[in-house]
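*Asks:* Sharing entry_4.cif below, mmCIF, C-alpha atoms:
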data_input
#
loop_
_atom_site.label_atom_id
_atom_site.label_comp_id
_atom_site.auth_asym_id
_atom_site.auth_seq_id
_atom_site.Cartn_x
_atom_site.Cartn_y
_atom_site.Cartn_z
CA MET A 1 -23.38 -61.04 236.00
CA PHE A 2 -26.13 -60.21 233.56
CA SER A 3 -27.66 -56.80 234.08
CA PHE A 4 -30.43 -54.60 232.76
CA PHE A 5 -28.44 -51.49 233.64
CA THR A 6 -26.10 -49.43 231.45
CA LYS A 7 -23.54 -46.76 232.33
CA LYS A 8 -25.67 -44.08 230.69
CA GLU A 9 -28.98 -44.97 232.35
CA ALA A 10 -29.89 -45.54 235.98
CA VAL A 11 -32.60 -47.93 234.79
CA SER A 12 -32.70 -49.18 231.22
CA PRO A 13 -35.99 -49.74 229.37
CA PHE A 14 -37.20 -53.14 230.49
CA LEU A 15 -37.70 -55.21 227.36
CA LEU A 16 -36.65 -58.61 228.71
CA LYS A 17 -34.18 -58.81 225.84
CA GLU A 18 -31.42 -59.86 228.23
CA ILE A 19 -33.39 -62.98 229.16
CA CYS A 20 -33.89 -63.88 225.47
CA VAL A 21 -35.96 -67.04 225.92
CA ASP A 22 -39.07 -67.71 227.99
CA MET A 23 -38.94 -71.37 228.98
CA HIS A 24 -42.10 -71.54 231.12
CA ASN A 25 -45.54 -70.50 229.91
CA HIS A 26 -48.97 -71.84 229.03
CA ILE A 27 -49.69 -70.19 225.69
CA LEU A 28 -50.41 -73.25 223.55
CA PRO A 29 -54.13 -73.22 222.75
CA GLY A 30 -56.71 -75.39 224.45
CA LEU A 31 -54.49 -77.63 226.56
CA ASP A 32 -54.71 -76.46 230.15
CA ASP A 33 -55.62 -73.41 232.25
CA GLY A 34 -53.70 -71.15 229.88
CA SER A 35 -54.66 -69.89 226.44
CA PRO A 36 -58.08 -71.18 225.32
CA ASP A 37 -57.64 -70.60 221.57
CA VAL A 38 -55.25 -69.66 218.78
CA GLU A 39 -56.26 -66.00 218.78
CA THR A 40 -55.35 -65.63 222.45
CA SER A 41 -52.13 -67.58 221.94
CA VAL A 42 -51.08 -65.20 219.17
CA GLN A 43 -51.88 -62.17 221.32
CA LEU A 44 -49.87 -63.50 224.26
CA THR A 45 -46.94 -64.44 222.02
CA GLU A 46 -46.98 -61.02 220.38
CA GLY A 47 -46.93 -59.45 223.84
CA LEU A 48 -43.82 -61.39 224.83
CA LEU A 49 -42.05 -60.50 221.60
CA GLU A 50 -42.90 -56.83 222.07
CA LEU A 51 -41.41 -56.98 225.56
CA GLY A 52 -38.13 -58.23 224.10
CA TYR A 53 -38.25 -62.01 224.28
CA GLN A 54 -36.72 -63.54 221.17
CA LYS A 55 -37.89 -67.14 221.46
CA ILE A 56 -40.54 -69.00 223.41
CA ILE A 57 -40.69 -72.57 224.70
CA SER A 58 -44.25 -73.53 225.62
CA THR A 59 -44.72 -75.81 228.62
CA PRO A 60 -48.34 -76.92 229.11
CA HIS A 61 -49.27 -78.80 232.26
CA ILE A 62 -49.17 -82.57 232.32
CA LEU A 63 -51.31 -83.62 235.27
CA SER A 64 -53.07 -86.92 234.76
CA ASP A 65 -56.46 -86.19 236.35
CA LEU A 66 -56.82 -82.56 235.33
CA TYR A 67 -54.69 -82.02 232.21
CA PRO A 68 -53.93 -85.43 230.70
CA ASN A 69 -51.66 -84.07 227.99
CA ASN A 70 -49.00 -86.06 226.22
CA ALA A 71 -46.48 -85.62 223.42
CA ASN A 72 -49.19 -85.98 220.78
CA THR A 73 -51.65 -83.43 222.17
CA ILE A 74 -48.87 -80.89 222.75
CA PHE A 75 -47.35 -81.44 219.30
CA SER A 76 -50.79 -80.96 217.72
CA ALA A 77 -51.43 -77.68 219.55
CA HIS A 78 -47.97 -76.42 218.61
CA ASN A 79 -48.59 -77.25 214.94
CA ILE A 80 -51.94 -75.44 215.02
CA LEU A 81 -50.38 -72.29 216.49
CA MET A 82 -47.21 -72.05 214.40
CA PRO A 83 -48.79 -71.14 211.02
CA ALA A 84 -50.62 -68.22 212.65
CA LEU A 85 -47.38 -66.95 214.17
CA GLN A 86 -45.36 -67.47 211.00
CA ALA A 87 -47.93 -65.48 209.06
CA LEU A 88 -46.95 -62.53 211.24
CA HIS A 89 -43.25 -63.32 211.56
CA SER A 90 -41.84 -65.15 208.56
CA GLY A 91 -39.49 -67.93 209.60
CA TYR A 92 -40.34 -67.60 213.30
CA GLN A 93 -39.34 -70.64 215.35
CA ALA A 94 -40.67 -71.76 218.69
CA ALA A 95 -40.36 -74.93 220.73
CA TYR A 96 -42.42 -76.89 223.22
CA ALA A 97 -41.99 -79.22 226.15
CA ALA A 98 -44.15 -79.60 229.27
CA GLU A 99 -44.47 -78.73 232.93
CA TYR A 100 -44.77 -82.03 234.78
CA MET A 101 -46.52 -82.45 238.09
CA ILE A 102 -44.32 -84.65 240.24
CA ASP A 103 -46.51 -87.61 241.09
CA PHE A 104 -46.13 -91.35 240.78
CA GLU A 105 -47.49 -91.33 237.23
CA PHE A 106 -44.60 -89.09 236.26
CA GLU A 107 -42.20 -91.79 237.43
CA GLU A 108 -43.95 -94.20 235.06
CA LEU A 109 -43.48 -91.76 232.18
CA LEU A 110 -39.82 -91.52 233.07
CA ARG A 111 -39.41 -95.29 233.17
CA ASN A 112 -41.05 -95.52 229.75
CA LYS A 113 -38.89 -92.70 228.37
CA GLN A 114 -41.93 -90.58 227.50
CA ILE A 115 -40.54 -87.29 228.74
CA LEU A 116 -40.63 -84.02 226.80
CA SER A 117 -37.48 -81.98 227.36
CA PHE A 118 -36.08 -78.81 225.84
CA GLY A 119 -32.64 -77.62 224.79
CA LYS A 120 -29.64 -79.67 223.78
CA ASP A 121 -29.01 -80.44 227.44
CA LYS A 122 -32.47 -82.03 227.80
CA TYR A 123 -33.97 -79.86 230.51
CA VAL A 124 -37.21 -81.00 232.12
CA LEU A 125 -39.54 -78.60 233.94
CA ILE A 126 -41.18 -80.08 237.04
CA GLU A 127 -43.57 -78.73 239.67
CA MET A 128 -45.27 -79.74 242.89
CA SER A 129 -48.68 -79.06 244.38
CA TYR A 130 -48.97 -75.72 246.19
CA LEU A 131 -50.55 -77.56 249.11
CA VAL A 132 -48.11 -80.36 249.86
CA GLU A 133 -44.61 -81.38 248.84
CA SER A 134 -44.31 -84.33 246.48
CA PRO A 135 -42.92 -87.14 248.64
CA ASN A 136 -41.01 -88.60 245.71
CA LEU A 137 -39.34 -85.36 244.57
CA ARG A 138 -35.83 -86.45 245.51
CA ASN A 139 -36.29 -89.80 243.77
CA VAL A 140 -37.54 -88.00 240.66
CA ILE A 141 -34.54 -85.67 240.62
CA PHE A 142 -32.22 -88.65 240.86
CA GLY A 143 -34.15 -90.57 238.22
CA LEU A 144 -34.07 -87.66 235.77
CA LEU A 145 -30.34 -87.14 236.23
CA THR A 146 -29.49 -90.80 235.79
CA SER A 147 -31.66 -90.91 232.66
CA GLY A 148 -29.71 -88.06 231.08
CA TYR A 149 -32.10 -85.19 231.84
CA LEU A 150 -31.51 -81.99 233.79
CA PRO A 151 -34.45 -81.13 236.10
CA ILE A 152 -35.68 -77.59 236.75
CA LEU A 153 -38.06 -77.00 239.66
CA ALA A 154 -40.63 -74.40 238.63
CA HIS A 155 -41.51 -71.45 240.91
CA PRO A 156 -40.02 -72.77 244.18
CA GLU A 157 -40.94 -69.47 245.83
CA ARG A 158 -44.62 -70.37 245.57
CA TYR A 159 -44.46 -73.52 247.70
CA GLY A 160 -45.47 -72.11 251.07
CA TYR A 161 -44.55 -75.27 252.96
CA LEU A 162 -40.88 -74.69 251.99
CA HIS A 163 -40.72 -71.10 253.19
CA HIS A 164 -39.72 -72.21 256.69
CA LYS A 165 -37.40 -74.93 255.37
CA PHE A 166 -35.18 -72.71 253.25
CA SER A 167 -32.27 -75.14 253.45
CA ASP A 168 -34.31 -77.57 251.33
CA TYR A 169 -33.82 -75.26 248.35
CA GLU A 170 -30.08 -75.71 248.69
CA VAL A 171 -30.56 -79.47 249.01
CA PHE A 172 -32.49 -79.57 245.73
CA ARG A 173 -29.93 -77.42 243.95
CA ASP A 174 -26.98 -79.41 245.31
CA ALA A 175 -28.71 -82.63 244.22
CA GLY A 176 -28.59 -81.36 240.62
CA CYS A 177 -31.98 -79.67 240.27
CA ASP A 178 -31.98 -76.10 238.95
CA LEU A 179 -34.47 -73.59 240.36
CA GLN A 180 -36.65 -71.26 238.23
CA VAL A 181 -38.31 -68.21 239.69
CA ASN A 182 -41.47 -66.70 238.23
CA ILE A 183 -40.57 -63.19 237.14
CA LEU A 184 -43.92 -61.85 238.40
CA SER A 185 -43.06 -63.00 241.92
CA LEU A 186 -40.63 -60.08 241.99
CA ILE A 187 -43.51 -57.59 241.98
CA GLY A 188 -45.57 -59.47 244.55
CA TYR A 189 -48.07 -60.84 242.03
CA TYR A 190 -48.45 -64.07 244.05
CA GLY A 191 -48.25 -62.36 247.43
CA GLY A 192 -45.65 -60.83 249.70
CA ASP A 193 -44.31 -64.12 251.08
CA SER A 194 -43.52 -65.46 247.62
CA GLN A 195 -41.83 -62.19 246.72
CA LYS A 196 -39.62 -62.33 249.83
CA ILE A 197 -38.60 -65.92 249.13
CA ALA A 198 -37.92 -65.15 245.45
CA GLU A 199 -35.66 -62.29 246.47
CA LYS A 200 -33.89 -64.42 249.07
CA LEU A 201 -33.33 -67.22 246.55
CA ILE A 202 -31.72 -64.69 244.22
CA ASP A 203 -29.65 -63.17 247.01
CA GLN A 204 -28.38 -66.65 247.90
CA GLY A 205 -27.43 -67.38 244.28
CA LEU A 206 -29.85 -70.29 243.97
CA ILE A 207 -31.77 -69.18 240.86
CA SER A 208 -30.63 -70.29 237.39
CA TRP A 209 -33.77 -69.56 235.36
CA VAL A 210 -36.61 -67.07 235.14
CA GLY A 211 -39.96 -67.78 233.50
CA THR A 212 -43.12 -65.82 232.87
CA ASP A 213 -45.47 -68.73 233.68
CA MET A 214 -47.89 -66.72 231.54
CA HIS A 215 -51.43 -68.04 231.27
CA HIS A 216 -53.53 -65.03 230.24
CA HIS A 217 -53.70 -61.31 229.54
CA ASN A 218 -53.57 -60.40 233.23
CA HIS A 219 -50.09 -61.91 233.37
CA LEU A 220 -49.06 -60.04 230.25
CA ASN A 221 -50.32 -56.76 231.69
CA ALA A 222 -48.42 -57.44 234.92
CA LEU A 223 -45.24 -58.05 232.92
CA ARG A 224 -45.68 -54.63 231.38
CA GLU A 225 -46.09 -53.09 234.82
CA LEU A 226 -42.90 -54.81 235.94
CA ALA A 227 -41.06 -52.62 233.42
CA ALA A 228 -41.35 -49.67 235.80
CA ASN A 229 -40.59 -51.58 239.01
CA LYS A 230 -37.06 -50.64 240.07
CA ARG A 231 -36.93 -53.20 242.87
CA ALA A 232 -37.79 -56.05 240.49
CA LEU A 233 -35.19 -54.80 238.00
CA LYS A 234 -32.60 -54.69 240.75
CA TYR A 235 -33.21 -58.31 241.66
CA LEU A 236 -33.19 -59.45 238.06
CA GLY A 237 -29.84 -57.73 237.73
CA LYS A 238 -28.51 -59.74 240.67
CA ILE A 239 -28.99 -63.12 239.00
CA LYS A 240 -25.63 -64.62 238.12
CA ASN A 241 -25.13 -67.11 235.29
CA LEU A 242 -28.71 -66.94 234.04
CA LYS A 243 -29.22 -69.92 231.73
CA ASN A 244 -32.14 -68.66 229.62
CA PRO A 245 -29.96 -66.90 226.99
CA GLY A 246 -28.05 -70.11 226.33
CA LEU A 247 -31.19 -71.67 224.87
CA LEU A 248 -31.06 -69.37 221.82
CA GLN A 249 -28.42 -71.58 220.25
CA ASP A 250 -30.85 -74.52 220.36
CA PHE A 251 -33.29 -72.97 217.88
#
Using structure tokens, write down the structure from this file.
*Replies:*
Amino acid sequence: MFSFFTKKEAVSPFLLKEICVDMHNHILPGLDDGSPDVETSVQLTEGLLELGYQKIISTPHILSDLYPNNANTIFSAHNILMPALQALHSGYQAAYAAEYMIDFEFEELLRNKQILSFGKDKYVLIEMSYLVESPNLRNVIFGLLTSGYLPILAHPERYGYLHHKFSDYEVFRDAGCDLQVNILSLIGYYGGDSQKIAEKLIDQGLISWVGTDMHHHNHLNALRELAANKRALKYLGKIKNLKNPGLLQDF
């Protein structure tokens, strides 16, 4: 079990260094509802590094009607940001992928092998609407697995329509889809219901990943506040076999 606690300290300083890699955020400039420009992207990245993250994988939204990103737009934004970061941290490396809305256009991208993944194991971050479950989610999980990808469902604790169908989380996990909790859910940032479900998912051993899902400075400030939240630290310490640190070897 990974833990933030040491024998000498009841609660260690919370620097997120045990997580190592943030694999869910929106800090690439000008692509979605996250960072609007390079300056903000640098500030948010610096904030994560100061908190103890070692590497960052950016995952901008791909949602056809609202954020019609693709491999080219994401690659371009990454290449614009990297020189500014390397000017501050010589040799710094970062990676990028995407957070895909599960809709029928995603299935077309999958058929055409136009999927951005991260890590040597080809992880793919997917999400659903907060209002209604994607009817093709199970087909997408199967399609990703049979195509050689490993799906990760982003922030399952935030899908209110699943809160009273908790067994569905186990169905997704058993079907081969990892679950990723937003770290800020553990301090109630998205509401009490999401916090309760996040804690229950951890208690049931269903969480394999944690992500910041950082979009802006408010998220960064909340991450700093989380440093003093003993309950959140306790639940982070409960996560067994956290996969984030394993991504360091892929840089």
*Asks:* Taking all atoms listed in the file into account, produce a table as JSON lines in which each residue of range 219-243 of chain A with an atom at most 12 Å from an atom of range 175-182 of chain A appears once, together with its shortest atom pair and the distance in Å to one decimal, ordered by chain and rising number.
*Replies:*
{"residue": "A:His219", "atom": "CA", "partner": "A:Asn182", "partner_atom": "CA", "distance": 11.0}
{"residue": "A:Leu223", "atom": "CA", "partner": "A:Asn182", "partner_atom": "CA", "distance": 10.8}
{"residue": "A:Ala232", "atom": "CA", "partner": "A:Asn182", "partner_atom": "CA", "distance": 11.5}
{"residue": "A:Tyr235", "atom": "CA", "partner": "A:Val181", "partner_atom": "CA", "distance": 11.3}
{"residue": "A:Leu236", "atom": "CA", "partner": "A:Val181", "partner_atom": "CA", "distance": 10.3}
{"residue": "A:Ile239", "atom": "CA", "partner": "A:Val181", "partner_atom": "CA", "distance": 10.6}
{"residue": "A:Asn241", "atom": "CA", "partner": "A:Asp178", "partner_atom": "CA", "distance": 11.9}
{"residue": "A:Leu242", "atom": "CA", "partner": "A:Gln180", "partner_atom": "CA", "distance": 10.0}
{"residue": "A:Lys243", "atom": "CA", "partner": "A:Asp178", "partner_atom": "CA", "distance": 9.9}
*Asks:* Could you state which residues are captured by the PyMOL selection byres ((chain A and resi 251) around 12) in this file, as a count of residues only?
*Replies:* 21
*Asks:* Give me the range 183-217 of chain A side of the contact with range 149-169 of chain A, cut-off 6 Å, one line per residue showing its nearest atom pair and distance in Å at one decimal, counting all atoms listed in the file, sorted by chain and residue number, as a tab-separated table.
*Replies:*
residue	atom	partner	partner_atom	distance
A:Ser194	CA	A:Glu157	CA	5.1
A:Ile197	CA	A:Glu157	CA	5.4
A:Ala198	CA	A:Glu157	CA	5.3
*Asks:* With C-alpha atoms retained, write the just-selected residues as an mmCIF file, in the frame of the given file.
*Replies:*
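Written out: selection_23.cif:
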data_model
loop_
_atom_site.group_PDB
_atom_site.id
_atom_site.type_symbol
_atom_site.label_atom_id
_atom_site.label_comp_id
_atom_site.auth_asym_id
_atom_site.auth_seq_id
_atom_site.Cartn_x
_atom_site.Cartn_y
_atom_site.Cartn_z
ATOM 1 C CA SER A 194 -43.520 -65.460 247.620
ATOM 2 C CA ILE A 197 -38.600 -65.920 249.130
ATOM 3 C CA ALA A 198 -37.920 -65.150 245.450
#
*Asks:* Grab the CA of Glu99 in chain A to CA of Tyr123 in chain A distance for me, in Å with one decimal place.
*Replies:*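 Going from CA of Glu99 in chain A over to CA of Tyr123 in chain A, I get 10.8 Å.
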*Asks:* List the neighbours of Leu51 in chain A out to 12 Å using all atoms listed in the file; skip same-chain residues closer than 3 positions along the sequence, and give me the result as a VMD selection string.
*Replies:* chain A and resid 13 to 22 44 to 48 54 to 55 212 220 to 227
*Asks:* Expanded to explicit residues, what is the PyMOL selection byres ((chain A and resi 144) around 12) for this file, as a ChimeraX atom specification?
*Replies:* /A:102,106-111,113-117,122-126,137-143,145-152,175-177
*Asks:* Point out the residue among A:Asn70, A:Met23, A:Asn229, A:His78 with the least atom-to-atom distance to Tyr53 in chain A, counting only C-alpha atoms.
*Replies:*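 Nearest to Tyr53 in chain A: A:Met23.
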*Asks:* Report, in Å with one decimal, the straight-line distance from CA of Glu39 in chain A to CA of Ala77 in chain A.
*Replies:*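 Rounded to one decimal, the two atoms are 12.7 Å apart.
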*Asks:* Counting all atoms listed in the file, which of A:Ile62, A:Ile187, A:His215, A:Leu206 gets nearest to Leu233 in chain A?
*Replies:*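 Answer, going by the shortest atom-to-atom distance: A:Ile187.
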*Asks:* Could you jot down the CA of Phe104 in chain A to CA of His24 in chain A separation for me, Å, one decimal place?
*Replies:*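 These atoms are spaced 22.4 Å apart.
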*Asks:* For Asp33 in chain A, which residue out of A:Ala97, A:Met214, A:Leu81, A:Ala228 is the nearest one, using only C-alpha atoms?
*Replies:*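 Going through A:Ala97, A:Met214, A:Leu81, A:Ala228 one by one, the smallest distance to Asp33 in chain A is for A:Met214.
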*Asks:* Which polymer residues have any atom within 10 Å of an atom of Ser64 in chain A, counting only C-alpha atoms, with same-chain residues fewer than 5 positions away left out, as number ranges by chain?
*Replies:* A: 69-70, 100-101, 103, 105-106
*Asks:* Expanded to explicit residues, what is the PyMOL selection byres ((chain A and resi 60) around 8) for this file, as a short mmCIF file (atom, residue, chain, number, x, y, z; two decimals) with C-alpha atoms, in the coordinates of the input?
*Replies:*
data_model
loop_
_atom_site.label_atom_id
_atom_site.label_comp_id
_atom_site.auth_asym_id
_atom_site.auth_seq_id
_atom_site.Cartn_x
_atom_site.Cartn_y
_atom_site.Cartn_z
CA ASN A 25 -45.54 -70.50 229.91
CA HIS A 26 -48.97 -71.84 229.03
CA ILE A 27 -49.69 -70.19 225.69
CA LEU A 28 -50.41 -73.25 223.55
CA LEU A 31 -54.49 -77.63 226.56
CA ASP A 32 -54.71 -76.46 230.15
CA GLY A 34 -53.70 -71.15 229.88
CA SER A 58 -44.25 -73.53 225.62
CA THR A 59 -44.72 -75.81 228.62
CA HIS A 61 -49.27 -78.80 232.26
CA ILE A 62 -49.17 -82.57 232.32
CA ASN A 69 -51.66 -84.07 227.99
CA ILE A 74 -48.87 -80.89 222.75
CA ALA A 97 -41.99 -79.22 226.15
CA ALA A 98 -44.15 -79.60 229.27
CA GLU A 99 -44.47 -78.73 232.93
#
*Asks:* With distances taken over all atoms listed in the file, which residue among A:Val210, A:Gln204, A:Leu63, A:Ser129 lies nearest Ser185 in chain A?
*Replies:*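 Going through A:Val210, A:Gln204, A:Leu63, A:Ser129 one by one, the smallest distance to Ser185 in chain A is for A:Val210.
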*Asks:* With distances taken over all atoms listed in the file, which residue among A:Gln43, A:Asp203, A:His216, A:Ser35 lies nearest Gly237 in chain A?
*Replies:* A:Asp203
*Asks:* Counting all atoms listed in the file, which of A:Pro68, A:Glu127, A:Val171, A:Asp37 gets nearest to Ala84 in chain A?
*Replies:*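 Residue with the minimum atom-to-atom distance to Ala84 in chain A: A:Asp37.
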*Asks:* Please provide as a PyMOL selection string all residues within 9 Å of Gly205 in chain A, with the sequence filter that same-chain residues fewer than 2 positions apart are discarded (counting all atoms listed in the file).
*Replies:* chain A and resi 200-203+207-208+238-240
*Asks:* Kindly add all heavy atoms to the incomplete range 200-211 of chain A and provide the output as an mmCIF file, in the frame of the given file.
*Replies:*
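Writing the result to result_17.cif gives the following:
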data_model
loop_
_atom_site.group_PDB
_atom_site.id
_atom_site.type_symbol
_atom_site.label_atom_id
_atom_site.label_comp_id
_atom_site.auth_asym_id
_atom_site.auth_seq_id
_atom_site.Cartn_x
_atom_site.Cartn_y
_atom_site.Cartn_z
ATOM 1 N N LYS A 200 -34.909 -63.728 248.270
ATOM 2 C CA LYS A 200 -33.890 -64.420 249.070
ATOM 3 C C LYS A 200 -33.183 -65.492 248.233
ATOM 4 O O LYS A 200 -31.955 -65.651 248.338
ATOM 5 C CB LYS A 200 -34.530 -65.037 250.307
ATOM 6 C CG LYS A 200 -33.513 -65.649 251.271
ATOM 7 C CD LYS A 200 -34.182 -66.130 252.550
ATOM 8 C CE LYS A 200 -33.158 -66.728 253.513
ATOM 9 N NZ LYS A 200 -33.794 -67.188 254.786
ATOM 10 N N LEU A 201 -33.942 -66.208 247.416
ATOM 11 C CA LEU A 201 -33.330 -67.220 246.550
ATOM 12 C C LEU A 201 -32.314 -66.576 245.605
ATOM 13 O O LEU A 201 -31.243 -67.139 245.354
ATOM 14 C CB LEU A 201 -34.411 -67.936 245.748
ATOM 15 C CG LEU A 201 -35.278 -68.928 246.528
ATOM 16 C CD1 LEU A 201 -36.505 -69.321 245.703
ATOM 17 C CD2 LEU A 201 -34.477 -70.170 246.899
ATOM 18 N N ILE A 202 -32.654 -65.399 245.085
ATOM 19 C CA ILE A 202 -31.720 -64.690 244.220
ATOM 20 C C ILE A 202 -30.511 -64.213 245.009
ATOM 21 O O ILE A 202 -29.353 -64.367 244.578
ATOM 22 C CB ILE A 202 -32.426 -63.517 243.511
ATOM 23 C CG1 ILE A 202 -33.441 -64.058 242.491
ATOM 24 C CG2 ILE A 202 -31.415 -62.605 242.824
ATOM 25 C CD1 ILE A 202 -34.316 -62.991 241.854
ATOM 26 N N ASP A 203 -30.751 -63.647 246.173
ATOM 27 C CA ASP A 203 -29.650 -63.170 247.010
ATOM 28 C C ASP A 203 -28.682 -64.304 247.358
ATOM 29 O O ASP A 203 -27.463 -64.078 247.461
ATOM 30 C CB ASP A 203 -30.186 -62.557 248.302
ATOM 31 C CG ASP A 203 -30.707 -61.137 248.111
ATOM 32 O OD1 ASP A 203 -30.223 -60.440 247.189
ATOM 33 O OD2 ASP A 203 -31.603 -60.727 248.883
ATOM 34 N N GLN A 204 -29.218 -65.503 247.539
ATOM 35 C CA GLN A 204 -28.380 -66.650 247.900
ATOM 36 C C GLN A 204 -27.765 -67.337 246.681
ATOM 37 O O GLN A 204 -27.078 -68.347 246.819
ATOM 38 C CB GLN A 204 -29.219 -67.671 248.697
ATOM 39 C CG GLN A 204 -29.730 -67.160 250.029
ATOM 40 C CD GLN A 204 -28.613 -66.855 251.003
ATOM 41 O OE1 GLN A 204 -27.642 -67.590 251.099
ATOM 42 N NE2 GLN A 204 -28.737 -65.752 251.724
ATOM 43 N N GLY A 205 -28.020 -66.820 245.495
ATOM 44 C CA GLY A 205 -27.430 -67.380 244.280
ATOM 45 C C GLY A 205 -27.993 -68.727 243.883
ATOM 46 O O GLY A 205 -27.310 -69.534 243.232
ATOM 47 N N LEU A 206 -29.257 -68.976 244.225
ATOM 48 C CA LEU A 206 -29.850 -70.290 243.970
ATOM 49 C C LEU A 206 -30.688 -70.347 242.697
ATOM 50 O O LEU A 206 -31.141 -71.427 242.310
ATOM 51 C CB LEU A 206 -30.727 -70.693 245.164
ATOM 52 C CG LEU A 206 -29.970 -70.912 246.482
ATOM 53 C CD1 LEU A 206 -30.955 -71.160 247.623
ATOM 54 C CD2 LEU A 206 -28.996 -72.069 246.351
ATOM 55 N N ILE A 207 -30.909 -69.220 242.036
ATOM 56 C CA ILE A 207 -31.770 -69.180 240.860
ATOM 57 C C ILE A 207 -30.941 -69.225 239.581
ATOM 58 O O ILE A 207 -30.001 -68.445 239.405
ATOM 59 C CB ILE A 207 -32.659 -67.921 240.872
ATOM 60 C CG1 ILE A 207 -33.613 -67.963 242.062
ATOM 61 C CG2 ILE A 207 -33.434 -67.786 239.555
ATOM 62 C CD1 ILE A 207 -34.563 -69.150 242.058
ATOM 63 N N SER A 208 -31.312 -70.145 238.684
ATOM 64 C CA SER A 208 -30.630 -70.290 237.390
ATOM 65 C C SER A 208 -31.505 -69.891 236.220
ATOM 66 O O SER A 208 -30.995 -69.683 235.115
ATOM 67 C CB SER A 208 -30.181 -71.743 237.187
ATOM 68 O OG SER A 208 -29.311 -72.162 238.215
ATOM 69 N N TRP A 209 -32.825 -69.821 236.439
ATOM 70 C CA TRP A 209 -33.770 -69.560 235.360
ATOM 71 C C TRP A 209 -34.853 -68.594 235.829
ATOM 72 O O TRP A 209 -35.199 -68.577 237.014
ATOM 73 C CB TRP A 209 -34.474 -70.860 234.922
ATOM 74 C CG TRP A 209 -33.571 -71.963 234.479
ATOM 75 C CD1 TRP A 209 -32.975 -72.907 235.271
ATOM 76 C CD2 TRP A 209 -33.163 -72.245 233.146
ATOM 77 N NE1 TRP A 209 -32.230 -73.760 234.508
ATOM 78 C CE2 TRP A 209 -32.323 -73.376 233.183
ATOM 79 C CE3 TRP A 209 -33.442 -71.664 231.908
ATOM 80 C CZ2 TRP A 209 -31.754 -73.929 232.055
ATOM 81 C CZ3 TRP A 209 -32.874 -72.211 230.772
ATOM 82 C CH2 TRP A 209 -32.046 -73.333 230.846
ATOM 83 N N VAL A 210 -35.397 -67.828 234.884
ATOM 84 C CA VAL A 210 -36.610 -67.070 235.140
ATOM 85 C C VAL A 210 -37.623 -67.390 234.055
ATOM 86 O O VAL A 210 -37.271 -67.575 232.892
ATOM 87 C CB VAL A 210 -36.350 -65.542 235.185
ATOM 88 C CG1 VAL A 210 -35.486 -65.182 236.373
ATOM 89 C CG2 VAL A 210 -35.708 -65.051 233.897
ATOM 90 N N GLY A 211 -38.884 -67.487 234.453
ATOM 91 C CA GLY A 211 -39.960 -67.780 233.500
ATOM 92 C C GLY A 211 -41.137 -66.866 233.733
ATOM 93 O O GLY A 211 -41.335 -66.364 234.848
#
